[in-house]
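Next comes data_11.pdb, with PDB, C-alpha atoms and all ligand atoms.
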ATOM      1  CA  MET A   1       0.000   0.000   0.000
ATOM      2  CA  ILE A   2       2.930   2.321   0.743
ATOM      3  CA  HIS A   3       6.262   2.329  -1.018
ATOM      4  CA  LEU A   4       8.958   4.934  -0.447
ATOM      5  CA  ARG A   5      12.034   4.741  -2.621
ATOM      6  CA  GLY A   6      15.130   6.846  -1.984
ATOM      7  CA  VAL A   7      13.074   9.615  -0.453
ATOM      8  CA  ARG A   8      14.804  12.815   0.511
ATOM      9  CA  LYS A   9      13.072  15.891   1.858
ATOM     10  CA  THR A  10      14.926  19.166   2.142
ATOM     11  CA  TYR A  11      13.093  22.225   3.419
ATOM     12  CA  PRO A  12      14.270  25.507   1.958
ATOM     13  CA  PRO A  13      16.880  26.720   2.111
ATOM     14  CA  SER A  14      18.838  23.659   3.256
ATOM     15  CA  GLN A  15      17.287  21.729   6.175
ATOM     16  CA  THR A  16      17.267  18.056   5.178
ATOM     17  CA  ALA A  17      14.569  16.346   7.261
ATOM     18  CA  LEU A  18      14.755  12.929   5.544
ATOM     19  CA  HIS A  19      17.710  11.280   3.819
ATOM     20  CA  LYS A  20      17.225   8.405   1.371
ATOM     21  CA  VAL A  21      14.355   6.719   3.149
ATOM     22  CA  ASP A  22      13.142   3.386   1.796
ATOM     23  CA  LEU A  23      10.010   1.895   3.288
ATOM     24  CA  ARG A  24       7.286  -0.561   2.447
ATOM     25  CA  VAL A  25       4.060  -0.888   4.396
ATOM     26  CA  LYS A  26       1.576  -3.565   3.398
ATOM     27  CA  GLU A  27      -2.154  -3.122   3.416
ATOM     28  CA  GLY A  28      -3.508  -3.884   6.883
ATOM     29  CA  ASP A  29      -0.190  -3.269   8.663
ATOM     30  CA  PHE A  30       0.268  -1.274  11.856
ATOM     31  CA  LEU A  31       3.447   0.789  12.129
ATOM     32  CA  PHE A  32       4.851   3.016  14.843
ATOM     33  CA  LEU A  33       7.258   5.781  13.812
ATOM     34  CA  VAL A  34       9.550   6.677  16.696
ATOM     35  CA  GLY A  35      12.542   8.926  17.180
ATOM     36  CA  ALA A  36      13.574  12.071  19.011
ATOM     37  CA  SER A  37      12.049  15.429  18.279
ATOM     38  CA  GLY A  38      13.345  16.602  14.898
ATOM     39  CA  ALA A  39      13.997  13.049  13.650
ATOM     40  CA  GLY A  40      11.610  13.490  10.715
ATOM     41  CA  LYS A  41       8.461  11.679  11.885
ATOM     42  CA  SER A  42       6.034  14.480  11.018
ATOM     43  CA  THR A  43       7.776  15.085   7.692
ATOM     44  CA  LEU A  44       7.396  11.422   6.757
ATOM     45  CA  LEU A  45       3.677  11.524   7.592
ATOM     46  CA  LYS A  46       3.261  14.773   5.622
ATOM     47  CA  LEU A  47       4.776  13.102   2.561
ATOM     48  CA  LEU A  48       2.305  10.228   2.963
ATOM     49  CA  PHE A  49      -0.732  12.484   2.814
ATOM     50  CA  GLY A  50       0.752  14.874   0.302
ATOM     51  CA  ALA A  51       1.071  17.914   2.583
ATOM     52  CA  GLN A  52       4.724  18.054   1.490
ATOM     53  CA  LYS A  53       6.407  16.796  -1.657
ATOM     54  CA  SER A  54       9.631  14.831  -1.608
ATOM     55  CA  THR A  55      12.700  16.598  -2.929
ATOM     56  CA  ASP A  56      14.002  13.327  -4.390
ATOM     57  CA  GLY A  57      12.727   9.793  -4.713
ATOM     58  CA  GLU A  58       9.246   8.340  -5.008
ATOM     59  CA  VAL A  59       6.347   8.271  -2.586
ATOM     60  CA  ILE A  60       3.696   5.798  -3.657
ATOM     61  CA  VAL A  61       0.552   5.479  -1.548
ATOM     62  CA  GLY A  62      -2.395   3.333  -2.561
ATOM     63  CA  GLY A  63      -1.031   3.058  -6.097
ATOM     64  CA  ARG A  64      -0.630   6.810  -6.542
ATOM     65  CA  ASN A  65       2.717   8.434  -7.090
ATOM     66  CA  LEU A  66       2.511  11.459  -4.810
ATOM     67  CA  SER A  67       5.771  12.831  -6.154
ATOM     68  CA  LYS A  68       3.959  13.536  -9.442
ATOM     69  CA  ILE A  69       0.293  13.942  -8.556
ATOM     70  CA  THR A  70      -1.608  17.091  -9.605
ATOM     71  CA  ASN A  71      -3.171  19.273  -6.923
ATOM     72  CA  GLN A  72      -6.662  18.356  -8.041
ATOM     73  CA  LYS A  73      -5.977  14.623  -7.809
ATOM     74  CA  LEU A  74      -4.289  15.201  -4.465
ATOM     75  CA  ALA A  75      -7.508  16.621  -3.032
ATOM     76  CA  TYR A  76      -9.368  13.437  -3.995
ATOM     77  CA  PHE A  77      -6.559  11.236  -2.743
ATOM     78  CA  ARG A  78      -6.687  12.942   0.671
ATOM     79  CA  ARG A  79     -10.332  12.040   1.048
ATOM     80  CA  GLU A  80      -9.302   8.397   1.221
ATOM     81  CA  ILE A  81      -7.077   8.954   4.231
ATOM     82  CA  GLY A  82      -7.914   9.555   7.872
ATOM     83  CA  ILE A  83      -5.572  11.919   9.690
ATOM     84  CA  VAL A  84      -5.274  12.614  13.414
ATOM     85  CA  PHE A  85      -3.062  15.323  14.931
ATOM     86  CA  GLN A  86      -1.693  16.008  18.394
ATOM     87  CA  ASP A  87      -3.770  19.201  18.655
ATOM     88  CA  TYR A  88      -7.020  17.566  17.389
ATOM     89  CA  LYS A  89      -7.830  20.346  14.872
ATOM     90  CA  LEU A  90     -11.551  20.318  15.611
ATOM     91  CA  LEU A  91     -13.911  22.995  14.299
ATOM     92  CA  THR A  92     -14.559  24.944  17.496
ATOM     93  CA  ARG A  93     -17.818  26.553  16.354
ATOM     94  CA  ARG A  94     -19.445  23.267  15.469
ATOM     95  CA  THR A  95     -20.841  20.644  17.817
ATOM     96  CA  VAL A  96     -19.123  17.332  18.357
ATOM     97  CA  LEU A  97     -21.688  15.665  16.110
ATOM     98  CA  ASP A  98     -21.163  18.197  13.316
ATOM     99  CA  ASN A  99     -17.386  17.824  13.530
ATOM    100  CA  VAL A 100     -17.630  14.083  13.089
ATOM    101  CA  ALA A 101     -20.234  14.393  10.331
ATOM    102  CA  PHE A 102     -18.195  17.041   8.469
ATOM    103  CA  PRO A 103     -16.291  14.671   6.124
ATOM    104  CA  LEU A 104     -19.641  13.214   5.068
ATOM    105  CA  GLU A 105     -21.027  16.695   4.471
ATOM    106  CA  ILE A 106     -18.167  17.375   2.048
ATOM    107  CA  ARG A 107     -19.069  14.177   0.249
ATOM    108  CA  GLY A 108     -22.699  15.213  -0.087
ATOM    109  CA  VAL A 109     -24.160  12.584   2.235
ATOM    110  CA  HIS A 110     -27.757  13.368   3.262
ATOM    111  CA  THR A 111     -28.271  15.068   6.661
ATOM    112  CA  SER A 112     -30.176  12.219   8.312
ATOM    113  CA  LYS A 113     -27.633   9.632   7.177
ATOM    114  CA  ARG A 114     -24.777  11.845   8.395
ATOM    115  CA  LYS A 115     -26.377  12.129  11.789
ATOM    116  CA  GLU A 116     -26.995   8.401  12.031
ATOM    117  CA  LEU A 117     -23.404   7.478  11.116
ATOM    118  CA  ALA A 118     -21.830  10.165  13.308
ATOM    119  CA  THR A 119     -23.949   9.179  16.308
ATOM    120  CA  SER A 120     -23.042   5.561  15.892
ATOM    121  CA  ILE A 121     -19.279   6.165  15.655
ATOM    122  CA  LEU A 122     -19.388   8.580  18.624
ATOM    123  CA  ASP A 123     -21.085   5.813  20.601
ATOM    124  CA  ALA A 124     -18.267   3.490  19.586
ATOM    125  CA  VAL A 125     -15.596   5.859  20.969
ATOM    126  CA  GLY A 126     -17.529   6.321  24.207
ATOM    127  CA  LEU A 127     -18.904   9.802  23.527
ATOM    128  CA  GLY A 128     -22.527   8.985  22.829
ATOM    129  CA  ASP A 129     -23.595  11.431  25.556
ATOM    130  CA  ARG A 130     -21.519  14.360  24.237
ATOM    131  CA  VAL A 131     -22.885  14.682  20.699
ATOM    132  CA  ASN A 132     -24.313  18.156  21.271
ATOM    133  CA  ALA A 133     -21.352  19.524  23.233
ATOM    134  CA  MET A 134     -18.978  22.111  21.767
ATOM    135  CA  PRO A 135     -15.413  20.764  21.354
ATOM    136  CA  LEU A 136     -13.692  23.223  23.696
ATOM    137  CA  THR A 137     -15.888  22.141  26.618
ATOM    138  CA  LEU A 138     -14.437  18.610  26.366
ATOM    139  CA  SER A 139     -11.257  17.234  27.954
ATOM    140  CA  GLY A 140      -8.215  16.635  25.736
ATOM    141  CA  GLY A 141      -8.852  12.913  25.653
ATOM    142  CA  GLU A 142     -12.466  13.461  24.647
ATOM    143  CA  GLN A 143     -11.433  15.908  21.915
ATOM    144  CA  GLN A 144      -8.931  13.411  20.555
ATOM    145  CA  ARG A 145     -11.626  10.716  20.483
ATOM    146  CA  VAL A 146     -13.830  13.115  18.486
ATOM    147  CA  ALA A 147     -10.922  13.638  16.072
ATOM    148  CA  ILE A 148     -10.478   9.883  15.685
ATOM    149  CA  ALA A 149     -14.204   9.390  15.096
ATOM    150  CA  ARG A 150     -14.043  12.113  12.419
ATOM    151  CA  ALA A 151     -11.029  10.450  10.793
ATOM    152  CA  LEU A 152     -12.706   7.048  10.723
ATOM    153  CA  ILE A 153     -16.229   7.976   9.685
ATOM    154  CA  THR A 154     -15.383   7.661   5.991
ATOM    155  CA  ARG A 155     -13.875   4.210   6.605
ATOM    156  CA  PRO A 156     -10.450   5.160   5.219
ATOM    157  CA  LYS A 157      -8.064   2.414   4.187
ATOM    158  CA  LEU A 158      -5.201   4.375   5.709
ATOM    159  CA  LEU A 159      -5.157   6.154   9.061
ATOM    160  CA  LEU A 160      -2.216   8.438   9.901
ATOM    161  CA  ALA A 161      -1.727   9.825  13.403
ATOM    162  CA  ASP A 162       0.947  12.342  14.417
ATOM    163  CA  GLU A 163       1.627  12.267  18.181
ATOM    164  CA  PRO A 164      -2.035  11.495  18.899
ATOM    165  CA  THR A 165      -1.361  11.090  22.619
ATOM    166  CA  GLY A 166       1.066  14.030  22.894
ATOM    167  CA  ASN A 167      -1.314  16.116  25.009
ATOM    168  CA  LEU A 168      -2.903  13.295  27.007
ATOM    169  CA  ASP A 169      -2.261  11.672  30.358
ATOM    170  CA  PRO A 170      -1.162   8.003  30.436
ATOM    171  CA  ALA A 171      -4.647   6.576  31.084
ATOM    172  CA  MET A 172      -6.254   8.564  28.278
ATOM    173  CA  SER A 173      -3.297   7.780  26.004
ATOM    174  CA  ARG A 174      -4.093   4.098  26.374
ATOM    175  CA  VAL A 175      -7.749   4.687  25.541
ATOM    176  CA  VAL A 176      -6.802   6.604  22.387
ATOM    177  CA  LEU A 177      -4.212   4.025  21.366
ATOM    178  CA  GLY A 178      -6.865   1.343  21.919
ATOM    179  CA  LEU A 179      -9.082   3.032  19.337
ATOM    180  CA  LEU A 180      -6.247   3.076  16.796
ATOM    181  CA  LEU A 181      -5.591  -0.614  17.444
ATOM    182  CA  GLU A 182      -9.271  -1.335  16.991
ATOM    183  CA  ALA A 183      -9.274   0.445  13.619
ATOM    184  CA  HIS A 184      -6.328  -1.762  12.669
ATOM    185  CA  LYS A 185      -8.237  -4.892  13.706
ATOM    186  CA  CYS A 186     -11.020  -3.821  11.376
ATOM    187  CA  GLY A 187      -8.557  -3.841   8.482
ATOM    188  CA  THR A 188      -7.303  -0.236   8.366
ATOM    189  CA  THR A 189      -3.617   0.341   7.696
ATOM    190  CA  VAL A 190      -2.440   2.515  10.599
ATOM    191  CA  ILE A 191       0.746   4.576  11.007
ATOM    192  CA  VAL A 192       1.339   6.346  14.305
ATOM    193  CA  ALA A 193       4.206   8.757  15.024
ATOM    194  CA  THR A 194       4.985   8.914  18.718
ATOM    195  CA  HIS A 195       7.791   9.521  21.148
ATOM    196  CA  ASN A 196       5.773   7.899  23.922
ATOM    197  CA  LEU A 197       7.806   4.695  24.189
ATOM    198  CA  PRO A 198       6.333   3.478  27.524
ATOM    199  CA  LEU A 199       2.926   3.478  25.850
ATOM    200  CA  ILE A 200       3.975   1.154  23.037
ATOM    201  CA  GLU A 201       6.616  -1.049  24.642
ATOM    202  CA  ASP A 202       4.235  -3.859  25.596
ATOM    203  CA  LEU A 203       2.758  -4.092  22.128
ATOM    204  CA  ASN A 204       4.361  -6.396  19.652
ATOM    205  CA  LEU A 205       3.978  -4.141  16.667
ATOM    206  CA  ARG A 206       6.292  -3.030  13.899
ATOM    207  CA  THR A 207       8.338  -0.009  14.923
ATOM    208  CA  LEU A 208      10.410   2.133  12.581
ATOM    209  CA  VAL A 209      13.112   4.181  14.276
ATOM    210  CA  LEU A 210      14.197   7.493  12.751
ATOM    211  CA  ASP A 211      17.292   9.398  13.790
ATOM    212  CA  ARG A 212      18.084  12.771  12.211
ATOM    213  CA  GLY A 213      16.216  11.873   9.052
ATOM    214  CA  LYS A 214      17.521   8.334   8.631
ATOM    215  CA  VAL A 215      15.872   5.002   9.302
ATOM    216  CA  ILE A 216      18.126   3.351  11.871
ATOM    217  CA  GLY A 217      15.880   0.458  12.814
ATOM    218  CA  ASP A 218      12.818  -1.467  11.661
ATOM    219  CA  PHE A 219      11.688  -3.894  14.344
ATOM    220  CA  ASP A 220       8.825  -6.391  14.516
ATOM    221  CA  GLY A 221       8.153  -5.084  18.000
ATOM    222  CA  PRO A 222       9.510  -2.151  19.993
ATOM    223  CA  ALA A 223      12.064  -4.353  21.795
ATOM    224  CA  GLY A 224      15.428  -2.673  21.663
ATOM    225  CA  VAL A 225      13.990   0.728  20.770
ATOM    226  CA  ALA A 226      14.091   2.163  24.270
TER     227      ALA A 226
HETATM  228  N1  LIG A 301       8.309  23.555   7.407
HETATM  229  C1  LIG A 301       9.589  23.374   7.741
HETATM  230  N2  LIG A 301      10.555  24.218   7.315
HETATM  231  C2  LIG A 301      11.861  24.035   7.640
HETATM  232  N3  LIG A 301      12.295  23.011   8.390
HETATM  233  C3  LIG A 301      11.386  22.143   8.842
HETATM  234  C4  LIG A 301       9.989  22.267   8.548
HETATM  235  N4  LIG A 301       9.313  21.235   9.141
HETATM  236  C5  LIG A 301      10.259  20.517   9.764
HETATM  237  N5  LIG A 301      11.480  21.045   9.604
HETATM  238  C6  LIG A 301      12.763  20.490  10.119
HETATM  239  O1  LIG A 301      12.873  19.168   9.683
HETATM  240  C7  LIG A 301      13.392  18.322  10.708
HETATM  241  C8  LIG A 301      12.417  17.194  11.007
HETATM  242  O2  LIG A 301      11.236  17.755  11.594
HETATM  243  P1  LIG A 301       9.927  16.904  11.874
HETATM  244  O3  LIG A 301       9.591  16.117  10.665
HETATM  245  O4  LIG A 301       8.914  17.849  12.401
HETATM  246  O5  LIG A 301      10.455  15.907  13.014
HETATM  247  P2  LIG A 301       9.658  15.176  14.206
HETATM  248  O6  LIG A 301       8.223  15.121  13.859
HETATM  249  O7  LIG A 301      10.310  13.827  14.327
HETATM  250  O8  LIG A 301       9.909  16.008  15.434
HETATM  251  C9  LIG A 301      13.666  19.232  11.876
HETATM  252  O9  LIG A 301      15.033  19.606  11.830
HETATM  253  C10 LIG A 301      12.773  20.428  11.628
HETATM  254  O10 LIG A 301      13.305  21.596  12.184
HETATM  255 MG    MG A 302       6.553  15.740  14.843
END

Give the structure from this file in C-alpha cells form.
Ligand SMILES: Nc1ncnc2c1ncn2[C@@H]1O[C@H](COP(=O)(O)OP(=O)(O)O)[C@@H](O)[C@H]1O
Ligand SMILES: [Mg+2]
Amino acid sequence: MIHLRGVRKTYPPSQTALHKVDLRVKEGDFLFLVGASGAGKSTLLKLLFGAQKSTDGEVIVGGRNLSKITNQKLAYFRREIGIVFQDYKLLTRRTVLDNVAFPLEIRGVHTSKRKELATSILDAVGLGDRVNAMPLTLSGGEQQRVAIARALITRPKLLLADEPTGNLDPAMSRVVLGLLLEAHKCGTTVIVATHNLPLIEDLNLRTLVLDRGKVIGDFDGPAGVA
C-alpha cells in the first residue's frame, strides 16, 4: 500500500529532514514511527498524505505516485485517508456531532444519514452522551476521540496519526491508542508517530526508528527501541 524509494526531503533553504528513506508498508499493517524530536516523523507523515512533496525519490501510496500527482488529484486522494493530529484540529464553532459528520457533508451525504453514522461512531468511541457539546468544553482525551471518530467515519483504508497522545495523560493515552488498534483490527492500515515509548513497549507491533532523518531500525516489535 505504501512504497517509499530513496526519499529525501529538504526544506528551503537547506534543512534536510529525511535522507534516502526506503520503506514498504503492506495493506492492513500497523506501524509506529519513533525517534527524538526533529527526527523526521512528522515530515514522513506529511509526505504520505501529500502535505509536502519529496525533494528526491518516489512516494507511492495506494497506487498513486505522490511525487507527481496534480493538486486536483491530491484533493481526492486525501479524502481516502484519515488523519489525526496532536492538537485535534476540531472545528470549534461546530458541535461534536457536526465535527464528526463534516467529512460526510463534504461528500454530499444526506443530513439524516450523516447524523446516524456520526452518532453511531461517537457511541463506539464512548462519547454517545456528548454529541451536542462544543469541542472546547471537552477534555483533551475526549477531543482526541472526536478527532479519531471524524477520521474514521469515511472508513479510510489508511489512518495516519501524528503524536495522537502528545497532550494526554497516560490513562487517556491508552484509551486513544486502543481506538487506533481497533481500527487496525477492522482492516485499516495505521501509522502512528509517537515519542511515547512506555505506551507502546508492551505491544508487539512493527516499529520504525528514525534518527536525524535516517531510518536506523525497523523492528517487529519495539524491543530494543528504548
Ligand atoms: N516547514 C519546515 N521548514 C523548515 N524546516 C522544517 C519544517 N518542518 C520541519 N522542519 C525540520 O525538519 C526536521 C524534522 O522535523 P519533523 O519532521 O517535524 O520531526 P519530528 O516530527 O520527528 O519532530 C527538523 O530539523 C525540523 O526543524
Ligand atoms: Mg513531529

Taking the file above as input, evaluate the PyMOL selection byres (((not hetatm)) within 7 of (chain A and resi 301)) and report the hits as a PyMOL selection string. chain A and resi 11-12+15-17+35-44+213

Each side padded by 5 Å, which centre and which edge lengths in Å (one decimal) define the axis-aligned box around the listed atoms of segment 98-109 of chain A? Give them as AutoDock Vina command-line options.
--center_x -20.2 --center_y 15.4 --center_z 6.7 --size_x 17.9 --size_y 15.6 --size_z 23.6

Out of A:Leu117, A:Met172, A:Leu48, A:Ala161, which residue has the shortest atom-to-atom distance to ligand MG 302 (chain A) when counting only C-alpha atoms and all ligand atoms?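 Using only C-alpha atoms and all ligand atoms, ligand MG 302 (chain A) sits closest to A:Ala161.
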
List the residues selected by the PyMOL selection byres (((chain A and resi 33) around 12) and not hetatm) in the file shown, writing them as an NGL selection string. :A and (23 or 25 or 30-32 or 34-37 or 39-45 or 160-163 or 190-197 or 200 or 205-211 or 213-219 or 221-222 or 225)

Test item: the PyMOL selection byres (((chain A and resi 140-144) around 12) and not hetatm) resolved as a PDB file with C-alpha atoms, in the frame of the given file:
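File result38.pdb, as written:
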ATOM      1  CA  ILE A  83      -5.572  11.919   9.690  1.00  0.00           C
ATOM      2  CA  VAL A  84      -5.274  12.614  13.414  1.00  0.00           C
ATOM      3  CA  PHE A  85      -3.062  15.323  14.931  1.00  0.00           C
ATOM      4  CA  GLN A  86      -1.693  16.008  18.394  1.00  0.00           C
ATOM      5  CA  ASP A  87      -3.770  19.201  18.655  1.00  0.00           C
ATOM      6  CA  TYR A  88      -7.020  17.566  17.389  1.00  0.00           C
ATOM      7  CA  LYS A  89      -7.830  20.346  14.872  1.00  0.00           C
ATOM      8  CA  LEU A  90     -11.551  20.318  15.611  1.00  0.00           C
ATOM      9  CA  LEU A  91     -13.911  22.995  14.299  1.00  0.00           C
ATOM     10  CA  THR A  92     -14.559  24.944  17.496  1.00  0.00           C
ATOM     11  CA  THR A  95     -20.841  20.644  17.817  1.00  0.00           C
ATOM     12  CA  VAL A  96     -19.123  17.332  18.357  1.00  0.00           C
ATOM     13  CA  LEU A  97     -21.688  15.665  16.110  1.00  0.00           C
ATOM     14  CA  ASN A  99     -17.386  17.824  13.530  1.00  0.00           C
ATOM     15  CA  VAL A 100     -17.630  14.083  13.089  1.00  0.00           C
ATOM     16  CA  LEU A 122     -19.388   8.580  18.624  1.00  0.00           C
ATOM     17  CA  VAL A 125     -15.596   5.859  20.969  1.00  0.00           C
ATOM     18  CA  GLY A 126     -17.529   6.321  24.207  1.00  0.00           C
ATOM     19  CA  LEU A 127     -18.904   9.802  23.527  1.00  0.00           C
ATOM     20  CA  GLY A 128     -22.527   8.985  22.829  1.00  0.00           C
ATOM     21  CA  ASP A 129     -23.595  11.431  25.556  1.00  0.00           C
ATOM     22  CA  ARG A 130     -21.519  14.360  24.237  1.00  0.00           C
ATOM     23  CA  VAL A 131     -22.885  14.682  20.699  1.00  0.00           C
ATOM     24  CA  ALA A 133     -21.352  19.524  23.233  1.00  0.00           C
ATOM     25  CA  MET A 134     -18.978  22.111  21.767  1.00  0.00           C
ATOM     26  CA  PRO A 135     -15.413  20.764  21.354  1.00  0.00           C
ATOM     27  CA  LEU A 136     -13.692  23.223  23.696  1.00  0.00           C
ATOM     28  CA  THR A 137     -15.888  22.141  26.618  1.00  0.00           C
ATOM     29  CA  LEU A 138     -14.437  18.610  26.366  1.00  0.00           C
ATOM     30  CA  SER A 139     -11.257  17.234  27.954  1.00  0.00           C
ATOM     31  CA  ARG A 145     -11.626  10.716  20.483  1.00  0.00           C
ATOM     32  CA  VAL A 146     -13.830  13.115  18.486  1.00  0.00           C
ATOM     33  CA  ALA A 147     -10.922  13.638  16.072  1.00  0.00           C
ATOM     34  CA  ILE A 148     -10.478   9.883  15.685  1.00  0.00           C
ATOM     35  CA  ALA A 149     -14.204   9.390  15.096  1.00  0.00           C
ATOM     36  CA  ARG A 150     -14.043  12.113  12.419  1.00  0.00           C
ATOM     37  CA  ALA A 151     -11.029  10.450  10.793  1.00  0.00           C
ATOM     38  CA  ALA A 161      -1.727   9.825  13.403  1.00  0.00           C
ATOM     39  CA  ASP A 162       0.947  12.342  14.417  1.00  0.00           C
ATOM     40  CA  GLU A 163       1.627  12.267  18.181  1.00  0.00           C
ATOM     41  CA  PRO A 164      -2.035  11.495  18.899  1.00  0.00           C
ATOM     42  CA  THR A 165      -1.361  11.090  22.619  1.00  0.00           C
ATOM     43  CA  GLY A 166       1.066  14.030  22.894  1.00  0.00           C
ATOM     44  CA  ASN A 167      -1.314  16.116  25.009  1.00  0.00           C
ATOM     45  CA  LEU A 168      -2.903  13.295  27.007  1.00  0.00           C
ATOM     46  CA  ASP A 169      -2.261  11.672  30.358  1.00  0.00           C
ATOM     47  CA  PRO A 170      -1.162   8.003  30.436  1.00  0.00           C
ATOM     48  CA  ALA A 171      -4.647   6.576  31.084  1.00  0.00           C
ATOM     49  CA  MET A 172      -6.254   8.564  28.278  1.00  0.00           C
ATOM     50  CA  SER A 173      -3.297   7.780  26.004  1.00  0.00           C
ATOM     51  CA  ARG A 174      -4.093   4.098  26.374  1.00  0.00           C
ATOM     52  CA  VAL A 175      -7.749   4.687  25.541  1.00  0.00           C
ATOM     53  CA  VAL A 176      -6.802   6.604  22.387  1.00  0.00           C
ATOM     54  CA  LEU A 177      -4.212   4.025  21.366  1.00  0.00           C
ATOM     55  CA  LEU A 179      -9.082   3.032  19.337  1.00  0.00           C
ATOM     56  CA  LEU A 180      -6.247   3.076  16.796  1.00  0.00           C
TER      57      LEU A 180
END

Separation of atom CA of Arg24 of chain A from atom CA of Ile60 of chain A, in Å and rounded to one decimal: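 According to the coordinates, atom CA of Arg24 of chain A and atom CA of Ile60 of chain A are separated by 9.5 Å.
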
Atom CA of His184 of chain A and atom CA of Ser67 of chain A, how far apart in Å? 26.7 Å

Using all atoms listed in the file, which residue out of A:Lys46, A:His19, A:Lys9, A:Arg79 lies closest to ligand MG 302 (chain A)?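 Smallest distance to ligand MG 302 (chain A) is found for A:Lys46.
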
For Arg155 of chain A, list every protein, DNA or RNA residue within 9 Å, evaluated using all atoms listed in the file, and leave out those in the same chain fewer than 6 positions away; present the list as a list in words.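 Everything that qualifies: Glu80, Ile81, Gly82 and Thr188 of chain A.
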
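Our summary of the geometry notes that atom CA of Gly28 of chain A is positioned 8.2 Å from atom CA of Lys157 of chain A.
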
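Candidate residues A:Gly108, A:Lys185, A:Lys26, A:Arg94 were compared for distance to Val61 of chain A, and the nearest is A:Lys26, using only C-alpha atoms.
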
Nearest to Ile2 of chain A among A:Leu152, A:Leu158, A:Ala118, A:Leu104, with distances taken over only C-alpha atoms: which residue is it?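 The answer is A:Leu158, which sits nearest to Ile2 of chain A.
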
Got a sec: who's within 9 Å of Arg78 of chain A, counting only C-alpha atoms, leaving out chain neighbours fewer than 5 positions off, as a ChimeraX atom specification? /A:49-50,73
